[in-house]
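With CSV, C-alpha atoms inside, this is protein-v9.csv:
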```csv
chain,number,residue,atom,x,y,z
A,1,MET,CA,63.0,76.7,-30.3
A,2,ALA,CA,63.3,73.2,-31.6
A,3,GLN,CA,63.3,71.9,-28.0
A,4,MET,CA,60.0,73.7,-27.2
A,5,ALA,CA,58.4,72.1,-30.2
A,6,THR,CA,59.4,68.6,-29.1
A,7,VAL,CA,58.0,69.1,-25.6
A,8,THR,CA,54.7,70.4,-27.1
A,9,ILE,CA,54.4,67.3,-29.4
A,10,GLN,CA,55.0,65.0,-26.5
A,11,GLU,CA,52.4,66.7,-24.4
A,12,ALA,CA,49.9,66.5,-27.3
A,13,ARG,CA,50.8,62.8,-27.8
A,14,ALA,CA,50.1,62.1,-24.1
A,15,ARG,CA,46.7,63.8,-24.3
A,16,VAL,CA,45.8,61.8,-27.4
A,17,THR,CA,47.1,58.6,-26.0
A,18,VAL,CA,44.9,59.0,-22.9
A,19,GLY,CA,41.9,59.6,-25.2
A,20,ILE,CA,42.7,56.4,-27.2
A,21,PHE,CA,43.0,54.2,-24.1
A,22,ALA,CA,40.0,55.7,-22.3
A,23,ASP,CA,37.5,54.0,-24.7
A,24,MET,CA,39.4,50.8,-24.9
A,25,PRO,CA,37.3,47.9,-23.6
A,26,ASP,CA,39.2,45.7,-21.2
A,27,ALA,CA,36.6,43.0,-20.9
A,28,ALA,CA,36.0,40.3,-23.5
A,29,ALA,CA,33.8,41.0,-26.4
A,30,ALA,CA,30.1,40.2,-25.7
A,31,ALA,CA,29.8,37.9,-28.6
A,32,PRO,CA,32.6,36.7,-30.9
A,33,PRO,CA,32.6,38.6,-34.3
A,34,SER,CA,31.6,36.8,-37.4
A,35,GLY,CA,34.1,35.2,-39.8
A,36,LYS,CA,33.1,37.8,-42.4
A,37,ALA,CA,33.8,40.7,-40.1
A,38,ALA,CA,37.1,39.1,-39.1
A,39,GLU,CA,38.1,38.7,-42.7
A,40,ALA,CA,37.3,42.3,-43.4
A,41,ALA,CA,39.4,43.4,-40.5
A,42,LEU,CA,42.2,41.2,-41.6
A,43,GLU,CA,42.1,42.5,-45.1
A,44,PHE,CA,42.2,46.0,-43.8
A,45,LEU,CA,45.2,45.2,-41.5
A,46,THR,CA,47.0,43.6,-44.5
A,47,GLU,CA,46.3,46.6,-46.6
A,48,MET,CA,47.5,49.0,-44.0
A,49,SER,CA,50.8,47.2,-43.3
A,50,PRO,CA,53.2,47.0,-46.2
A,51,ASP,CA,55.7,44.8,-44.3
A,52,LEU,CA,53.1,42.2,-43.5
A,53,ARG,CA,53.6,38.7,-44.8
A,54,GLY,CA,50.7,36.9,-43.2
A,55,ALA,CA,48.3,37.2,-40.3
A,56,ALA,CA,45.5,35.6,-38.4
A,57,ILE,CA,42.7,36.7,-36.1
A,58,LEU,CA,41.7,34.3,-33.3
A,59,GLY,CA,38.5,34.2,-31.3
A,60,PRO,CA,38.0,33.9,-27.5
A,61,GLU,CA,38.6,30.1,-27.5
A,62,GLY,CA,41.6,30.3,-29.8
A,63,GLU,CA,39.6,29.4,-32.9
A,64,VAL,CA,40.8,30.9,-36.2
A,65,LEU,CA,38.3,33.6,-37.3
A,66,ALA,CA,40.3,34.7,-40.3
A,67,ALA,CA,43.8,33.9,-41.7
A,68,THR,CA,45.8,34.7,-44.7
A,69,GLY,CA,47.0,31.8,-47.0
A,70,GLU,CA,45.6,28.3,-47.2
A,71,GLU,CA,46.6,26.9,-43.7
A,72,ALA,CA,44.2,28.4,-41.3
A,73,GLY,CA,44.4,25.4,-39.0
A,74,ARG,CA,48.1,25.7,-38.7
A,75,TRP,CA,47.8,29.4,-37.8
A,76,GLY,CA,45.6,28.4,-34.9
A,77,GLU,CA,47.9,25.7,-33.6
A,78,ASP,CA,51.1,27.7,-33.9
A,79,ALA,CA,49.5,30.8,-32.4
A,80,ALA,CA,48.2,28.8,-29.5
A,81,ALA,CA,51.7,27.3,-29.0
A,82,LEU,CA,53.3,30.8,-29.1
A,83,PHE,CA,50.8,32.2,-26.5
A,84,ALA,CA,51.3,29.1,-24.3
A,85,VAL,CA,55.1,29.5,-24.3
A,86,ALA,CA,54.8,33.3,-23.7
A,87,ASP,CA,52.4,32.8,-20.8
A,88,GLU,CA,54.6,30.2,-19.3
A,89,ALA,CA,57.8,32.3,-19.5
A,90,GLU,CA,57.0,34.4,-16.5
A,91,GLY,CA,53.9,32.6,-15.2
A,92,ALA,CA,51.6,35.5,-16.2
A,93,PRO,CA,49.4,36.0,-19.3
A,94,VAL,CA,51.1,38.3,-21.9
A,95,GLU,CA,49.3,41.2,-23.6
A,96,GLN,CA,51.7,41.5,-26.5
A,97,VAL,CA,54.6,39.5,-28.0
A,98,HIS,CA,57.3,40.7,-30.3
A,99,ILE,CA,60.0,38.3,-31.6
A,100,ALA,CA,62.5,39.4,-34.1
A,101,THR,CA,64.5,36.8,-35.9
A,102,GLU,CA,66.8,36.7,-38.9
A,103,GLN,CA,63.9,35.4,-41.1
A,104,GLY,CA,61.2,37.9,-40.1
A,105,GLU,CA,59.3,39.3,-37.1
A,106,VAL,CA,56.4,37.9,-35.2
A,107,PHE,CA,53.8,40.1,-33.4
A,108,ALA,CA,51.0,38.7,-31.2
A,109,VAL,CA,48.4,40.8,-29.4
A,110,ARG,CA,45.5,40.0,-27.1
A,111,ASN,CA,42.8,42.6,-26.8
A,112,ALA,CA,39.1,42.6,-25.9
A,113,GLY,CA,39.0,38.8,-25.7
A,114,LEU,CA,40.4,38.4,-29.2
A,115,ALA,CA,43.9,37.8,-30.4
A,116,ALA,CA,45.9,38.7,-33.6
A,117,VAL,CA,49.1,37.2,-34.8
A,118,THR,CA,51.2,38.7,-37.6
A,119,VAL,CA,54.4,37.9,-39.4
A,120,THR,CA,56.3,40.7,-41.1
A,121,ASP,CA,59.5,41.4,-42.8
A,122,ARG,CA,62.5,42.3,-40.7
A,123,PHE,CA,62.7,45.8,-39.3
A,124,ALA,CA,59.0,46.5,-39.4
A,125,LEU,CA,58.1,49.4,-37.2
A,126,ALA,CA,57.0,47.6,-34.1
A,127,SER,CA,55.0,50.3,-32.3
A,128,LEU,CA,52.9,51.0,-35.4
A,129,MET,CA,52.3,47.3,-36.1
A,130,LEU,CA,51.2,46.7,-32.5
A,131,PHE,CA,49.0,49.8,-32.6
A,132,ASP,CA,47.3,48.6,-35.8
A,133,MET,CA,46.7,45.2,-34.4
A,134,ARG,CA,45.3,46.5,-31.1
A,135,SER,CA,43.1,49.0,-33.0
A,136,THR,CA,41.8,46.3,-35.4
A,137,LEU,CA,40.9,43.9,-32.5
A,138,ARG,CA,39.2,46.7,-30.6
A,139,GLN,CA,37.2,47.7,-33.6
A,140,LEU,CA,36.3,44.1,-34.3
A,141,ALA,CA,35.1,43.5,-30.8
A,142,SER,CA,32.9,46.6,-30.8
A,143,PRO,CA,29.2,45.6,-31.3
A,144,ASN,CA,28.7,48.1,-34.1
A,145,PHE,CA,31.6,46.8,-36.3
A,146,GLY,CA,29.9,45.7,-39.5
A,147,GLY,CA,32.9,44.7,-41.6
A,148,SER,CA,33.8,48.2,-42.7
A,149,GLU,CA,37.2,49.7,-42.3
A,150,PRO,CA,38.1,50.5,-38.7
A,151,SER,CA,37.7,54.2,-38.2
A,152,LYS,CA,40.6,54.9,-35.8
A,153,SER,CA,43.8,54.0,-37.6
A,154,ARG,CA,47.1,55.6,-38.3
A,155,LYS,CA,46.1,55.6,-42.0
A,156,GLY,CA,43.8,58.6,-41.5
A,157,GLU,CA,46.0,60.4,-39.0
A,158,GLY,CA,49.0,61.2,-41.1
B,1,MET,CA,80.4,86.6,-48.6
B,2,PRO,CA,77.8,84.7,-46.5
B,3,PRO,CA,75.9,81.9,-48.1
B,4,LYS,CA,72.3,82.5,-49.1
B,5,PRO,CA,69.8,81.7,-46.3
B,6,HIS,CA,68.0,79.1,-48.2
B,7,ARG,CA,71.2,77.2,-48.9
B,8,VAL,CA,72.0,77.2,-45.2
B,9,LEU,CA,68.6,75.7,-44.6
B,10,LEU,CA,68.9,73.1,-47.3
B,11,GLU,CA,72.3,72.0,-46.0
B,12,ARG,CA,71.0,71.6,-42.5
B,13,VAL,CA,68.1,69.5,-43.8
B,14,SER,CA,70.5,67.3,-45.8
B,15,VAL,CA,72.8,66.9,-42.8
B,16,TYR,CA,69.8,65.7,-40.7
B,17,ALA,CA,68.7,63.3,-43.5
B,18,ASP,CA,72.3,61.9,-43.7
B,19,GLU,CA,72.3,61.4,-39.9
B,20,ALA,CA,69.0,59.6,-40.0
B,21,ALA,CA,70.1,57.4,-42.9
B,22,ALA,CA,73.3,56.5,-41.0
B,23,PHE,CA,71.3,55.8,-37.8
B,24,MET,CA,69.0,53.4,-39.8
B,25,ARG,CA,72.1,51.7,-41.4
B,26,ARG,CA,73.7,51.2,-38.0
B,27,ARG,CA,70.4,49.9,-36.6
B,28,ARG,CA,70.1,47.3,-39.3
B,29,VAL,CA,73.6,46.1,-38.9
B,30,ALA,CA,73.7,46.0,-35.1
B,31,ARG,CA,70.2,44.7,-34.4
B,32,ARG,CA,70.2,41.1,-33.2
B,33,PRO,CA,67.3,38.7,-32.8
B,34,PHE,CA,65.3,39.2,-29.6
B,35,ALA,CA,62.1,38.1,-27.9
B,36,ARG,CA,60.1,40.7,-25.9
B,37,LEU,CA,57.0,40.0,-23.9
B,38,TYR,CA,54.6,42.8,-22.8
B,39,TYR,CA,52.4,42.5,-19.8
B,40,PRO,CA,49.5,44.6,-18.5
B,41,HIS,CA,50.4,48.0,-17.0
B,42,GLY,CA,53.3,48.5,-19.3
B,43,ARG,CA,55.7,45.9,-17.9
B,44,SER,CA,57.9,44.2,-20.5
B,45,ALA,CA,60.6,41.5,-20.3
B,46,ASP,CA,63.3,40.4,-22.7
B,47,HIS,CA,64.2,36.7,-23.1
B,48,ALA,CA,67.6,35.9,-24.4
B,49,GLN,CA,67.9,33.4,-27.2
B,50,ASP,CA,70.0,31.1,-25.2
B,51,SER,CA,67.6,30.9,-22.2
B,52,ARG,CA,65.1,28.1,-22.1
B,53,SER,CA,62.0,30.4,-22.4
B,54,GLY,CA,63.8,32.4,-25.1
B,55,ALA,CA,64.6,29.3,-27.2
B,56,GLU,CA,61.0,28.1,-27.0
B,57,LEU,CA,59.7,31.5,-28.1
B,58,PHE,CA,62.1,31.5,-31.1
B,59,VAL,CA,60.9,28.0,-32.0
B,60,ALA,CA,57.2,29.0,-31.8
B,61,ALA,CA,58.0,32.2,-33.8
B,62,GLY,CA,59.8,30.1,-36.4
B,63,ARG,CA,56.8,28.0,-37.0
B,64,LEU,CA,54.6,31.0,-37.6
B,65,ILE,CA,57.1,32.5,-40.0
B,66,GLU,CA,57.0,29.2,-41.9
B,67,VAL,CA,53.2,29.3,-42.0
B,68,ALA,CA,53.2,32.9,-43.3
B,69,GLY,CA,55.6,32.0,-46.0
B,70,LYS,CA,57.2,34.5,-48.3
B,71,LYS,CA,55.8,37.9,-49.0
B,72,GLN,CA,53.2,37.8,-51.7
B,73,LYS,CA,52.6,41.4,-52.3
B,74,GLY,CA,54.7,43.4,-54.7
```
Any chance you could give the structure as structure tokens?
Amino acid sequence: MAQMATVTIQEARARVTVGIFADMPDAAAAAPPSGKAAEAALEFLTEMSPDLRGAAILGPEGEVLAATGEEAGRWGEDAAALFAVADEAEGAPVEQVHIATEQGEVFAVRNAGLAAVTVTDRFALASLMLFDMRSTLRQLASPNFGGSEPSKSRKGEG
Amino acid sequence: MPPKPHRVLLERVSVYADEAAAFMRRRRVARRPFARLYYPHGRSADHAQDSRSGAELFVAAGRLIEVAGKKQKG
């Protein structure tokens, strides 16, 4: 009986996942989002992720649209360095990066022409973190995002 | 005398909870640093800390951790 339930859940998840990715824009955003919209998205991401220590959202040219803390410039430089090293590792552009160290974990995601980088405590749930980051970028890139909370998030699904 | 059905259920739940807690403990103890890159179409690649690319990734990640600083939220 328990086995049947597991199979049913996996089937449902597959159906939902297909739905999620079906409306995911692959191309770059038509116009980069405003700094205000990026700050709202970053605030929502910070609120949603209790393990998060700091984060930044980068525009199509690698410019910092929003960042936590006082050192927005450093976020831009260090995120660019991380993506450069990651792209060089296998000679192909990466979509996501997850690096776990003793001091914390680093996640970086590229989606819809934008990029997000976050630093979390150790043992953060990677799949949820990456999902939230992708979701935030996708919402931010959509033309009708006006700085309100992204509608598709795990917060409302539980 | 057989135990009451709800006690059986409670015991089973606590056994599962204990198992989950033990799994999380083992995971915390055994988990080592890693660098994992994900590419389009679901491909992913791990880079060992002692490889050249792995070492560079850890250095870049270390800088970002430094920028983020300590956790500010309670």
Inset, instruction - For atom CA of A:Arg134 and atom CA of B:Pro40, determine how far apart the two atoms are, in Å to one decimal place. - result: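 Separation of atom CA of A:Arg134 and atom CA of B:Pro40: 13.4 Å.
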Legend entry - Residues of chain B within 6 Å of chain A, counting all atoms listed in the file, as number ranges by chain: B: 33-39, 53, 60, 68, 71
Legend entry - Counting only C-alpha atoms, the option among A:Gly91, A:Ala115, A:Lys36, A:Phe44 closest to A:Gly59: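 Of A:Gly91, A:Ala115, A:Lys36, A:Phe44, the one nearest A:Gly59, counting only C-alpha atoms, is A:Ala115.
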Inset, instruction - Would you mind reading off the distance between atom CA of A:Met133 and atom CA of A:Ser49, one decimal, in Å? - result: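 That distance, rounded to one decimal, is 10.0 Å.
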